[in-house]
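Novice: What follows is the file final-v1.txt, containing compact mmCIF, C-alpha atoms:
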```txt
# COMPACT_ATOMS: atom_id res chain seq x y z
CA MET A 1 149.09 -134.18 14.25
CA ASN A 2 146.24 -133.63 16.74
CA GLU A 3 148.71 -134.13 19.60
CA ALA A 4 150.97 -131.43 18.12
CA ALA A 5 148.05 -129.05 17.76
CA SER A 6 146.99 -129.50 21.38
CA HIS A 7 150.61 -129.02 22.53
CA ILE A 8 150.94 -125.73 20.65
CA GLU A 9 147.65 -124.49 22.02
CA PHE A 10 148.82 -125.31 25.55
CA ILE A 11 152.13 -123.42 25.47
CA ILE A 12 150.88 -120.15 23.99
CA GLY A 13 150.64 -117.67 26.88
CA GLU A 14 152.21 -120.17 29.32
CA GLU A 15 154.31 -118.74 32.15
CA LYS A 16 157.93 -118.65 30.98
CA ARG A 17 160.99 -119.19 33.16
CA LEU A 18 163.96 -116.92 32.67
CA SER A 19 166.09 -119.87 31.57
CA ASP A 20 163.54 -120.57 28.80
CA ILE A 21 163.86 -117.03 27.48
CA VAL A 22 167.59 -116.28 27.56
CA SER A 23 170.56 -118.66 27.31
CA ARG A 24 173.98 -118.65 28.91
CA ALA A 25 175.51 -117.95 25.48
CA GLU A 26 173.56 -114.66 25.33
CA ILE A 27 174.21 -113.69 28.96
CA GLU A 28 177.95 -114.25 29.28
CA PRO A 29 179.12 -111.74 26.59
CA LEU A 30 177.20 -109.00 28.41
CA LEU A 31 178.63 -109.99 31.79
CA ARG A 32 182.12 -110.21 30.30
CA SER A 33 181.78 -106.63 29.03
CA GLY A 34 181.09 -105.54 32.60
CA LEU A 35 184.25 -107.27 33.83
CA LYS A 36 186.29 -105.40 31.23
CA LEU A 37 184.91 -102.13 32.62
CA GLY A 38 185.94 -102.80 36.23
CA ILE A 39 183.21 -105.08 37.61
CA LEU A 40 184.75 -107.71 39.89
CA ARG A 41 181.95 -110.25 39.68
CA ALA A 42 178.79 -110.44 37.57
CA ALA A 43 176.06 -113.08 37.73
CA LEU A 44 172.47 -113.62 36.59
CA LEU A 45 170.11 -115.54 38.88
CA ASP A 46 166.71 -116.93 37.93
CA GLU A 47 163.44 -116.59 39.83
CA ASP A 48 164.56 -119.34 42.25
CA ASP A 49 167.92 -117.59 42.89
CA LEU A 50 169.75 -120.28 40.90
CA PHE A 51 172.76 -119.10 38.88
CA LEU A 52 172.16 -119.01 35.11
CA ALA A 53 175.61 -117.53 34.47
CA THR A 54 178.42 -116.10 36.61
CA LEU A 55 181.77 -114.55 35.75
CA GLY A 56 184.54 -112.87 37.74
CA GLU A 57 186.35 -113.32 41.05
CA GLU A 58 184.79 -115.34 43.83
CA PRO A 59 184.65 -113.35 47.14
CA SER A 60 187.50 -114.13 49.57
CA GLU A 61 187.91 -113.46 53.28
CA ASP A 62 191.06 -111.28 52.94
CA ARG A 63 189.56 -109.03 50.25
CA GLU A 64 187.89 -105.79 51.26
CA LYS A 65 184.13 -106.10 51.18
CA PRO A 66 183.13 -105.01 47.67
CA LEU A 67 180.20 -102.84 46.60
CA GLN A 68 177.26 -105.01 45.64
CA LYS A 69 174.09 -104.43 43.64
CA ARG A 70 171.12 -106.69 42.99
CA LEU A 71 169.02 -105.43 40.08
CA PRO A 72 165.73 -107.06 38.92
CA ILE A 73 165.21 -108.47 35.41
CA MET A 74 161.53 -108.17 34.40
CA VAL A 75 159.37 -110.41 32.22
CA GLU A 76 156.00 -108.89 31.23
CA GLY A 77 156.21 -106.50 34.16
CA GLU A 78 157.12 -109.19 36.73
CA PRO A 79 160.59 -109.73 38.28
CA LYS A 80 161.89 -113.03 36.91
CA GLY A 81 165.56 -112.79 37.73
CA THR A 82 168.28 -110.83 39.47
CA LEU A 83 171.47 -109.28 38.11
CA LEU A 84 174.13 -109.56 40.83
CA LEU A 85 177.16 -107.24 40.49
CA GLU A 86 180.18 -106.63 42.72
CA ALA A 87 182.82 -103.93 42.33
CA ASP A 88 185.70 -102.39 44.22
CA SER A 89 184.71 -99.46 46.45
CA SER A 90 186.97 -97.21 44.40
CA ASN A 91 184.99 -97.81 41.21
CA HIS A 92 183.05 -94.54 40.87
CA ALA A 93 181.31 -95.67 37.70
CA PHE A 94 179.80 -98.74 39.35
CA GLU A 95 176.27 -97.33 39.50
CA ALA A 96 176.21 -96.36 35.81
CA LEU A 97 177.80 -99.67 34.74
CA ALA A 98 175.24 -101.60 36.77
CA ARG A 99 172.31 -99.79 35.15
CA LEU A 100 173.82 -100.23 31.70
CA LEU A 101 174.22 -103.99 32.16
CA GLN A 102 170.69 -104.25 33.58
CA GLU A 103 169.19 -102.43 30.59
CA ALA A 104 171.19 -104.54 28.11
CA LEU A 105 170.05 -107.79 29.75
CA GLN A 106 166.47 -106.51 30.01
CA LEU A 107 166.44 -105.65 26.30
CA THR A 108 167.72 -109.11 25.41
CA VAL A 109 165.06 -110.81 27.56
CA THR A 110 162.24 -108.65 26.19
CA ASN A 111 163.22 -109.19 22.53
CA ASN A 112 163.60 -112.96 23.04
CA LEU A 113 160.17 -113.18 24.69
CA LYS A 114 158.49 -111.26 21.85
CA ARG A 115 160.15 -113.51 19.29
CA MET A 116 159.04 -116.65 21.17
CA LEU A 117 155.42 -115.50 21.48
CA THR A 118 155.27 -114.46 17.82
CA THR A 119 156.65 -117.83 16.74
CA GLU A 120 154.17 -119.72 18.93
CA VAL A 121 151.15 -117.76 17.68
CA HIS A 122 152.25 -118.13 14.05
CA THR A 123 152.82 -121.86 14.51
CA SER A 124 149.38 -122.25 16.08
CA ILE A 125 147.65 -120.48 13.18
CA VAL A 126 149.61 -122.46 10.59
CA GLN A 127 148.74 -125.67 12.43
CA GLU A 128 145.03 -124.81 12.43
CA SER A 129 145.12 -124.08 8.69
CA TYR A 130 146.99 -127.33 8.07
CA ASP A 131 144.41 -129.32 10.04
CA GLN A 132 141.64 -127.74 7.96
CA LEU A 133 143.46 -128.71 4.76
CA VAL A 134 143.94 -132.26 6.04
CA THR A 135 140.20 -132.49 6.80
CA THR A 136 139.29 -131.15 3.36
CA ASN A 137 141.72 -133.53 1.68
CA ARG A 138 140.24 -136.45 3.60
CA ARG A 139 136.77 -135.52 2.39
CA LEU A 140 137.99 -135.18 -1.20
CA MET A 141 139.66 -138.59 -1.03
CA GLU A 142 136.45 -140.09 0.32
CA SER A 143 134.46 -138.51 -2.51
CA GLU A 144 136.96 -139.81 -5.05
CA ARG A 145 136.63 -143.31 -3.63
CA ARG A 146 132.85 -143.18 -3.94
CA TYR A 147 133.05 -141.94 -7.54
CA ARG A 148 135.40 -144.77 -8.46
CA GLU A 149 132.97 -147.29 -7.02
CA LEU A 150 130.19 -145.63 -8.98
CA ALA A 151 132.20 -145.80 -12.22
CA ARG A 152 132.80 -149.54 -11.78
CA ASP A 153 129.11 -150.21 -11.50
CA LEU A 154 127.78 -147.37 -13.67
CA GLU A 155 125.58 -149.41 -16.01
CA LYS A 156 123.66 -151.06 -13.15
CA LYS A 157 123.05 -147.83 -11.25
CA VAL A 158 122.50 -145.35 -14.06
CA LEU A 159 118.75 -145.14 -13.53
CA GLU A 160 119.13 -144.76 -9.75
CA ARG A 161 121.80 -142.08 -10.10
CA THR A 162 119.77 -140.20 -12.71
CA THR A 163 116.89 -139.96 -10.26
CA GLU A 164 119.23 -138.80 -7.50
CA LEU A 165 120.77 -136.16 -9.80
CA GLN A 166 117.33 -134.82 -10.63
CA GLN A 167 116.54 -134.51 -6.94
CA ALA A 168 119.93 -132.90 -6.27
CA TYR A 169 119.30 -130.42 -9.08
CA GLN A 170 116.04 -129.33 -7.45
CA ARG A 171 117.81 -128.85 -4.14
CA MET A 172 120.56 -126.86 -5.88
CA LEU A 173 118.00 -124.47 -7.33
CA GLN A 174 116.66 -123.79 -3.83
CA GLN A 175 120.12 -123.34 -2.29
CA GLU A 176 121.98 -121.49 -5.02
CA LYS A 177 124.13 -119.45 -2.66
CA LEU A 178 125.86 -122.56 -1.31
CA ALA A 179 128.21 -122.27 -4.30
CA ALA A 180 130.05 -119.52 -2.40
CA VAL A 181 130.63 -121.56 0.77
CA GLY A 182 134.16 -122.60 -0.20
CA GLN A 183 135.27 -118.99 -0.65
CA LEU A 184 133.47 -117.84 2.49
CA ALA A 185 135.05 -120.49 4.71
CA ALA A 186 138.65 -119.47 4.03
CA GLY A 187 137.92 -115.76 4.19
CA MET A 188 135.85 -116.00 7.37
CA ALA A 189 138.52 -118.03 9.18
CA HIS A 190 141.21 -115.49 8.35
CA GLU A 191 139.11 -112.40 9.09
CA ILE A 192 137.89 -113.67 12.47
CA ASN A 193 141.12 -115.37 13.61
CA THR A 194 143.15 -112.17 13.20
CA PRO A 195 141.29 -110.04 15.80
CA LEU A 196 140.58 -113.11 17.91
CA GLY A 197 144.31 -113.77 18.23
CA PHE A 198 145.20 -110.41 19.72
CA ILE A 199 142.04 -110.36 21.88
CA ARG A 200 143.15 -113.63 23.46
CA SER A 201 146.69 -112.33 23.95
CA ASN A 202 145.41 -109.11 25.51
CA LEU A 203 143.12 -110.97 27.91
CA ASN A 204 146.02 -113.16 29.07
CA SER A 205 148.06 -110.05 29.83
CA PHE A 206 145.13 -108.33 31.48
CA ALA A 207 144.57 -111.34 33.78
CA LYS A 208 148.13 -110.92 35.06
CA TYR A 209 147.61 -107.19 35.52
CA ARG A 210 144.46 -107.87 37.54
CA ASN A 211 146.40 -110.08 39.97
CA ARG A 212 148.89 -107.27 40.64
CA MET A 213 146.14 -104.72 41.14
CA ALA A 214 144.42 -107.11 43.57
CA GLU A 215 147.72 -107.48 45.42
CA MET A 216 147.99 -103.69 45.78
CA LEU A 217 144.44 -103.44 47.11
CA GLY A 218 145.20 -106.24 49.55
CA LEU A 219 148.19 -104.29 50.83
CA TYR A 220 146.01 -101.22 51.46
CA ARG A 221 143.44 -103.33 53.30
CA LEU A 222 146.12 -105.02 55.44
CA MET A 223 147.68 -101.71 56.49
CA LEU A 224 144.27 -100.21 57.27
CA ASP A 225 143.36 -103.25 59.37
CA LYS A 226 146.61 -102.80 61.32
CA GLU A 227 145.78 -99.09 61.73
CA ALA A 228 149.17 -98.03 60.36
CA SER A 229 150.02 -94.34 60.36
CA PRO A 230 149.42 -92.33 57.14
CA GLU A 231 153.17 -91.93 56.69
CA VAL A 232 153.74 -95.68 56.87
CA ILE A 233 150.83 -96.36 54.52
CA LYS A 234 152.11 -93.80 52.03
CA ARG A 235 155.71 -95.07 52.14
CA ARG A 236 154.85 -98.75 51.82
CA ALA A 237 152.16 -98.09 49.20
CA GLU A 238 154.50 -96.05 47.03
CA GLN A 239 157.22 -98.66 47.34
CA ARG A 240 154.91 -101.54 46.42
CA TRP A 241 153.29 -99.46 43.65
CA LYS A 242 156.70 -99.07 41.99
CA GLU A 243 157.62 -102.71 42.53
CA LEU A 244 154.39 -103.85 40.84
CA LYS A 245 154.88 -101.36 38.00
CA LEU A 246 151.27 -100.21 38.37
CA ASP A 247 151.80 -97.01 36.37
CA PHE A 248 152.73 -99.16 33.38
CA LEU A 249 149.90 -101.61 34.10
CA LEU A 250 147.22 -98.92 34.23
CA GLU A 251 148.42 -97.33 31.01
CA ASP A 252 148.82 -100.64 29.17
CA SER A 253 145.46 -101.94 30.47
CA GLY A 254 143.67 -99.11 28.68
CA VAL A 255 145.51 -99.93 25.47
CA LEU A 256 144.72 -103.65 25.80
CA LEU A 257 141.03 -103.01 26.44
CA GLY A 258 140.81 -100.57 23.53
CA GLN A 259 142.42 -103.05 21.15
CA SER A 260 140.17 -105.87 22.39
CA LEU A 261 137.03 -103.78 21.93
CA GLU A 262 138.12 -102.87 18.40
CA GLY A 263 138.72 -106.55 17.67
CA ALA A 264 135.32 -107.53 19.09
CA ASP A 265 133.63 -104.83 16.99
CA ARG A 266 135.51 -106.14 13.97
CA ILE A 267 134.24 -109.68 14.57
CA ALA A 268 130.69 -108.41 15.16
CA THR A 269 130.80 -106.51 11.86
CA ILE A 270 132.01 -109.58 9.97
CA VAL A 271 129.31 -111.77 11.54
CA ALA A 272 126.62 -109.20 10.75
CA GLN A 273 127.75 -108.97 7.13
CA LEU A 274 127.84 -112.76 6.84
CA LYS A 275 124.34 -112.89 8.30
CA ASP A 276 123.14 -110.39 5.71
CA PHE A 277 124.78 -112.46 2.98
CA ALA A 278 123.21 -115.69 4.22
CA HIS A 279 119.64 -114.36 4.63
CA LEU A 280 119.10 -112.32 1.51
CA ASP A 281 115.95 -114.32 0.70
CA GLY A 282 114.22 -113.81 4.05
CA MET A 283 112.07 -110.69 3.44
CA GLU A 284 108.77 -109.98 1.77
CA GLN A 285 108.47 -108.10 -1.52
CA GLN A 286 107.21 -104.51 -1.19
CA PRO A 287 106.86 -101.45 -3.46
CA MET A 288 109.91 -99.18 -3.23
CA ASP A 289 110.16 -95.46 -4.00
CA ILE A 290 113.78 -95.35 -5.18
CA ARG A 291 114.02 -91.56 -5.19
CA ARG A 292 112.78 -91.21 -1.60
CA GLU A 293 115.00 -94.03 -0.33
CA LEU A 294 118.11 -92.49 -1.95
CA GLU A 295 117.32 -89.03 -0.53
CA GLN A 296 116.91 -90.46 2.98
CA LEU A 297 120.07 -92.54 2.63
CA LEU A 298 122.19 -89.57 1.52
CA ALA A 299 120.81 -87.45 4.37
CA GLY A 300 121.69 -90.16 6.90
CA LEU A 301 125.22 -90.61 5.52
CA ALA A 302 125.95 -86.86 5.31
CA PRO A 303 127.90 -86.80 8.64
CA GLN A 304 130.31 -89.36 7.15
CA PHE A 305 131.15 -87.24 4.09
CA PRO A 306 134.90 -86.40 3.95
CA PRO A 307 135.93 -82.73 4.11
CA ASN A 308 135.08 -80.54 1.08
CA THR A 309 132.71 -83.10 -0.41
CA ARG A 310 130.63 -81.96 -3.37
CA LEU A 311 127.36 -83.87 -3.76
CA ILE A 312 125.63 -83.86 -7.15
CA THR A 313 122.18 -85.49 -7.43
CA ASP A 314 119.81 -86.10 -10.33
CA LEU A 315 116.96 -88.10 -8.81
CA GLN A 316 113.93 -88.43 -11.05
CA GLN A 317 110.60 -89.68 -9.80
CA LEU A 318 110.69 -93.31 -10.90
CA PRO A 319 107.88 -95.89 -10.97
CA LEU A 320 107.53 -97.93 -7.80
CA PHE A 321 109.80 -100.96 -7.92
CA THR A 322 108.74 -104.15 -6.13
CA CYS A 323 111.59 -105.77 -4.21
CA ARG A 324 112.91 -106.63 -0.76
CA VAL A 325 113.37 -102.98 0.16
CA PRO A 326 115.89 -103.25 3.07
CA LEU A 327 118.25 -105.34 0.95
CA VAL A 328 118.22 -103.02 -2.06
CA VAL A 329 118.72 -100.00 0.23
CA GLN A 330 121.67 -101.84 1.80
CA ALA A 331 123.13 -102.33 -1.68
CA PHE A 332 122.84 -98.57 -2.34
CA ALA A 333 124.43 -97.87 1.06
CA ASN A 334 127.38 -100.18 0.40
CA LEU A 335 128.13 -98.53 -2.95
CA ILE A 336 127.92 -95.01 -1.47
CA ASP A 337 130.08 -96.08 1.48
CA ASN A 338 132.77 -97.29 -0.94
CA ALA A 339 132.65 -93.91 -2.69
CA LEU A 340 132.97 -92.01 0.62
CA LYS A 341 136.07 -94.01 1.53
CA SER A 342 137.72 -93.58 -1.88
CA ARG A 343 139.03 -90.08 -1.15
CA ALA A 344 140.02 -88.38 2.10
CA ASP A 345 139.35 -84.83 0.90
CA GLY A 346 137.70 -83.06 -2.05
CA LEU A 347 135.35 -85.92 -2.95
CA GLU A 348 132.89 -85.37 -5.79
CA LEU A 349 129.98 -87.78 -5.34
CA THR A 350 127.31 -88.05 -8.04
CA VAL A 351 124.06 -89.99 -7.52
CA ARG A 352 121.55 -90.30 -10.37
CA ALA A 353 118.30 -92.22 -10.75
CA VAL A 354 116.66 -92.19 -14.20
CA GLN A 355 114.36 -94.29 -16.36
CA ASP A 356 115.86 -95.32 -19.67
CA ALA A 357 114.69 -97.85 -22.25
CA GLU A 358 112.17 -99.50 -19.95
CA GLN A 359 114.68 -100.00 -17.18
CA LEU A 360 115.52 -98.12 -14.01
CA GLN A 361 119.10 -96.94 -13.81
CA ILE A 362 120.79 -95.85 -10.58
CA THR A 363 124.33 -94.49 -10.99
CA ILE A 364 126.78 -93.76 -8.15
CA SER A 365 130.11 -92.27 -9.25
CA ASP A 366 133.10 -90.62 -7.57
CA ASN A 367 136.46 -89.05 -8.34
CA GLY A 368 138.29 -91.24 -5.80
CA CYS A 369 141.26 -93.58 -5.96
CA GLY A 370 139.66 -95.98 -8.43
CA ILE A 371 140.28 -99.73 -8.77
CA PRO A 372 143.33 -101.21 -10.56
CA ALA A 373 142.39 -103.10 -13.73
CA GLU A 374 143.84 -106.38 -12.41
CA HIS A 375 141.49 -106.25 -9.40
CA LEU A 376 138.25 -105.51 -11.27
CA PRO A 377 137.39 -109.16 -12.08
CA ARG A 378 137.50 -110.03 -8.35
CA ILE A 379 135.61 -107.14 -6.73
CA PHE A 380 132.43 -109.19 -6.18
CA GLU A 381 134.28 -112.09 -4.52
CA PRO A 382 133.50 -112.54 -0.80
CA PHE A 383 136.23 -111.06 1.44
CA PHE A 384 138.21 -109.57 -1.45
CA THR A 385 139.27 -106.02 -0.61
CA THR A 386 141.95 -103.60 -1.81
CA ARG A 387 141.94 -101.68 1.47
CA GLU A 388 144.48 -102.04 4.24
CA VAL A 389 144.14 -104.91 6.74
CA GLY A 390 141.42 -104.13 9.29
CA LYS A 391 139.82 -101.35 7.19
CA GLY A 392 137.62 -103.40 4.90
CA SER A 393 135.95 -106.80 5.19
CA GLY A 394 135.47 -107.31 1.45
CA MET A 395 131.75 -108.11 1.86
CA GLY A 396 130.20 -104.79 0.74
CA LEU A 397 130.03 -105.45 -3.00
CA THR A 398 129.22 -109.12 -2.43
CA VAL A 399 126.14 -108.25 -0.37
CA ALA A 400 125.16 -105.54 -2.86
CA ARG A 401 125.42 -107.96 -5.78
CA GLU A 402 123.27 -110.58 -4.04
CA ALA A 403 120.62 -108.00 -3.17
CA ILE A 404 120.41 -106.56 -6.69
CA SER A 405 120.54 -109.98 -8.34
CA GLY A 406 117.74 -111.12 -6.03
CA ALA A 407 115.69 -108.16 -7.27
CA GLY A 408 116.26 -109.19 -10.89
CA GLY A 409 118.87 -106.54 -11.65
CA ILE A 410 122.57 -106.17 -12.32
CA ILE A 411 125.50 -104.10 -11.04
CA GLU A 412 128.02 -102.73 -13.52
CA VAL A 413 131.30 -101.23 -12.30
CA GLU A 414 133.66 -99.12 -14.39
CA SER A 415 136.86 -97.81 -12.81
CA VAL A 416 140.27 -96.36 -13.65
CA ALA A 417 142.97 -96.29 -10.98
CA GLY A 418 143.58 -92.73 -9.77
CA GLN A 419 140.55 -91.30 -11.63
CA GLY A 420 137.44 -92.69 -9.98
CA THR A 421 134.69 -95.30 -10.15
CA ILE A 422 131.20 -95.53 -11.67
CA CYS A 423 128.73 -98.07 -10.23
CA ARG A 424 125.58 -98.54 -12.30
CA ILE A 425 122.55 -100.53 -11.13
CA CYS A 426 120.00 -101.57 -13.74
CA LEU A 427 116.56 -102.95 -12.82
CA PRO A 428 115.26 -105.39 -13.85
CA GLN A 429 117.74 -107.78 -15.46
CA GLY A 430 118.78 -111.45 -15.43
CA ALA A 431 121.20 -113.14 -13.04
CA THR A 432 124.42 -114.22 -14.70
CA ILE A 433 127.94 -112.92 -14.14
CA MET A 434 130.42 -111.72 -16.76
CA THR A 435 133.51 -109.53 -16.87
CA ASP A 436 135.06 -107.33 -19.57
CA HIS A 437 138.76 -106.75 -18.94
CA ARG A 438 139.33 -104.59 -22.01
CA SER A 439 136.98 -101.79 -20.92
CA ASN A 440 137.91 -101.65 -17.21
CA LYS A 441 134.38 -102.81 -16.52
CA THR A 442 132.91 -105.58 -14.37
CA THR A 443 129.26 -106.60 -14.53
CA SER A 444 127.33 -108.80 -12.11
CA GLY A 445 123.92 -109.88 -13.38
CA GLY A 446 122.62 -110.52 -16.87
CA ASP A 447 123.18 -108.28 -19.89
CA THR A 448 124.91 -104.92 -19.58
CA CYS A 449 122.83 -101.81 -18.90
CA ARG A 450 121.36 -100.21 -21.99
```
Give the structure from the file, written as structure tokens.
Specialist:
Amino acid sequence: MNEAASHIEFIIGEEKRLSDIVSRAEIEPLLRSGLKLGILRAALLDEDDLFLATLGEEPSEDREKPLQKRLPIMVEGEPKGTLLLEADSSNHAFEALARLLQEALQLTVTNNLKRMLTTEVHTSIVQESYDQLVTTNRRLMESERRYRELARDLEKKVLERTTELQQAYQRMLQQEKLAAVGQLAAGMAHEINTPLGFIRSNLNSFAKYRNRMAEMLGLYRLMLDKEASPEVIKRRAEQRWKELKLDFLLEDSGVLLGQSLEGADRIATIVAQLKDFAHLDGMEQQPMDIRRELEQLLAGLAPQFPPNTRLITDLQQLPLFTCRVPLVVQAFANLIDNALKSRADGLELTVRAVQDAEQLQITISDNGCGIPAEHLPRIFEPFFTTREVGKGSGMGLTVAREAISGAGGIIEVESVAGQGTICRICLPQGATIMTDHRSNKTTSGGDTCR
């Protein structure tokens, strides 16, 4: 299986020959159509001028010299083959027929290449996932073997294992967040592999584009060294420019770079969010003025408000709350960010901070798209998102929950699809998780807010 994985990795992006992309069975029907329309001879040659397919009359000495055309067949902007056509001099439609056959063959080659590359990339990703599953299964089988050995000798080792379990329990208390590692691993692999795949593909294409641009610059330098006349330089430069398809290369290079930068930013965002998730216990406790922090946060996020947003605030002066301030502020920011993205226009955002029954209550509500009832139980799972691919990492509520739980509080979410969402933070509270499907409500923390 490792050999197969290395083989797949090797062929993705490999230089393809024309014969690898299109078969004789696909070529001949197109050439035969040309013969029916008056073409005397039609053939397709590969990059080494070897015939892949040829149909029609062979040239003879007694026949009048026919019209002949040699048209390039391109693969990723490079000429990889030649369409050779011959017709009687009386065939006035020869030029149009030649272009039609060239475009038909070019379309077949381009579609086949896209299908091949898509299949290779998909196979590579599936292979990687399969290898991960094989590794996990191997570890599970090893664990099962050890447990069976333990069961056979349980009476002799009960005291030793009891001591080990006590030590493991102490370690578990110190590393509580490791319980989420299984979920994080699968989500992280998918979220990072997606942009990484098209970044790699774009860089392969861009490397080829760079070689053509270097060739064009070399041509300029050569002609300047030979002190060619401006007319000669212009004519040869324009000819080579068209042959290298540099107009297409320059336009596509900008697209490739833009996509790659977006993918890199996407990966950086995921890594930053994972870092926040992994280091929620790394800051000192400090007094926090909740009202002031919310006012500053809303002022900073104001440029991101959608058009016609109506902001309603009820921020009371609350007692100072001791916590890891940056993390709790990040939790507020994540909840407000979700509200801002819930509606493209006419958003009504309400932010309240009050003291009620010896607890501090921060409420963030909106009139946005809401959350379907079937998704509510999963909203705090790492990498779970209801947004379109590429528009949400699914870590916002996870990070918010960890921050609030670490401060001794809870997050309660009520939502109705199409009507809006209410997020309520209560401080302080315990640190258990429960869901209530009947009331369209999900709570992360201890008891519900009073």
Novice: When distances are computed from all atoms listed in the file, which of A:Arg292, A:Arg200, A:Arg240, A:Leu44 shows the smallest separation from Met216 of chain A?
Specialist: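 Using all atoms listed in the file, the shortest distance to Met216 of chain A belongs to A:Arg240.
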Novice: Can you work out which one of A:Leu31, A:Ala25, A:Ala417, A:Cys423 has the shortest atom-to-atom distance to Phe332 of chain A, counting all atoms listed in the file?
Specialist: A:Cys423
Novice: Between A:Ser229, A:Ser260, A:Ser19, A:Asn211, which residue has the minimum interatomic distance to Leu196 of chain A, considering only C-alpha atoms?
Specialist: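 Smallest separation from Leu196 of chain A among the options: A:Ser260.
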Novice: Hey, can you pull every residue with an atom no more than 8 Å from (115.8, -97.4, -10.8), using all atoms listed in the file, and send it as a PyMOL selection string?
Specialist: chain A and resi 290+318+321+353-355+359-362+425-427
Novice: Please provide as a list in words all residues within 10 Å of Pro195 of chain A, with the sequence filter that same-chain residues fewer than 6 positions apart are discarded (counting only C-alpha atoms).
Specialist: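 After dropping sequence-adjacent residues, the list is Gln259, Ser260, Leu261, Glu262, Gly263, Ala264, Asp265, Arg266, Ile267 and Gly390 of chain A.
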Novice: Excluding Gly346 of chain A and any residue of its chain fewer than 3 positions from it, enumerate the residues within 7 Å of it, using all atoms listed in the file, and give them as a list in words.
Specialist: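 My reading of the contact set: Pro307, Asn308 and Thr309 of chain A.
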Novice: Would you please work out which residue, of A:Ile27, A:Ser33, A:Ser205, A:Arg424, is nearest to Val255 of chain A when using only C-alpha atoms?
Specialist: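 Counting only C-alpha atoms, the residue closest to Val255 of chain A is A:Ser205.
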Novice: Within 9 Å of Leu105 of chain A, counting all atoms listed in the file, which residues show up once you throw out same-chain ones fewer than 2 positions away? Write them as a PyMOL selection string, please.
Specialist: chain A and resi 26-27+30+73+83+100-103+107-110
Novice: To one decimal place, how far is atom CA of Asn111 of chain A from atom CA of Arg17 of chain A in Å?
Specialist: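 Answer for the atom CA of Asn111 of chain A to atom CA of Arg17 of chain A separation: 14.8 Å.
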Novice: Can you measure atom CA of Lys114 of chain A to atom CA of Glu15 of chain A for me? One decimal in Å is fine.
Specialist: 13.4 Å
Novice: Using the partial input, fill out segment 350-362 of chain A with N, CA and C atoms; write the result as a short mmCIF file (atom, residue, chain, number, x, y, z; two decimals), in the frame of the given file.
Specialist:
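Writing done, so here's selection-v8.cif:
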```cif
data_model
loop_
_atom_site.label_atom_id
_atom_site.label_comp_id
_atom_site.auth_asym_id
_atom_site.auth_seq_id
_atom_site.Cartn_x
_atom_site.Cartn_y
_atom_site.Cartn_z
N THR A 350 128.47 -88.26 -7.16
CA THR A 350 127.31 -88.05 -8.04
C THR A 350 126.38 -89.23 -7.92
N VAL A 351 125.08 -88.94 -7.64
CA VAL A 351 124.06 -89.99 -7.52
C VAL A 351 122.91 -89.63 -8.47
N ARG A 352 122.62 -90.54 -9.39
CA ARG A 352 121.55 -90.30 -10.37
C ARG A 352 120.58 -91.49 -10.36
N ALA A 353 119.32 -91.19 -10.60
CA ALA A 353 118.30 -92.22 -10.75
C ALA A 353 117.39 -91.79 -11.89
N VAL A 354 117.43 -92.54 -13.00
CA VAL A 354 116.66 -92.19 -14.20
C VAL A 354 115.99 -93.43 -14.77
N GLN A 355 115.02 -93.20 -15.64
CA GLN A 355 114.36 -94.29 -16.36
C GLN A 355 114.80 -94.21 -17.80
N ASP A 356 115.31 -95.32 -18.31
CA ASP A 356 115.86 -95.32 -19.67
C ASP A 356 115.58 -96.67 -20.32
N ALA A 357 114.93 -96.64 -21.47
CA ALA A 357 114.69 -97.85 -22.25
C ALA A 357 114.03 -98.95 -21.43
N GLU A 358 112.97 -98.55 -20.74
CA GLU A 358 112.17 -99.50 -19.95
C GLU A 358 112.94 -100.14 -18.82
N GLN A 359 113.98 -99.50 -18.37
CA GLN A 359 114.68 -100.00 -17.18
C GLN A 359 115.04 -98.83 -16.28
N LEU A 360 115.16 -99.13 -14.99
CA LEU A 360 115.52 -98.12 -14.01
C LEU A 360 117.04 -98.17 -13.83
N GLN A 361 117.65 -97.00 -13.89
CA GLN A 361 119.10 -96.94 -13.81
C GLN A 361 119.52 -96.04 -12.66
N ILE A 362 120.26 -96.60 -11.72
CA ILE A 362 120.79 -95.85 -10.58
C ILE A 362 122.31 -95.84 -10.73
#
```
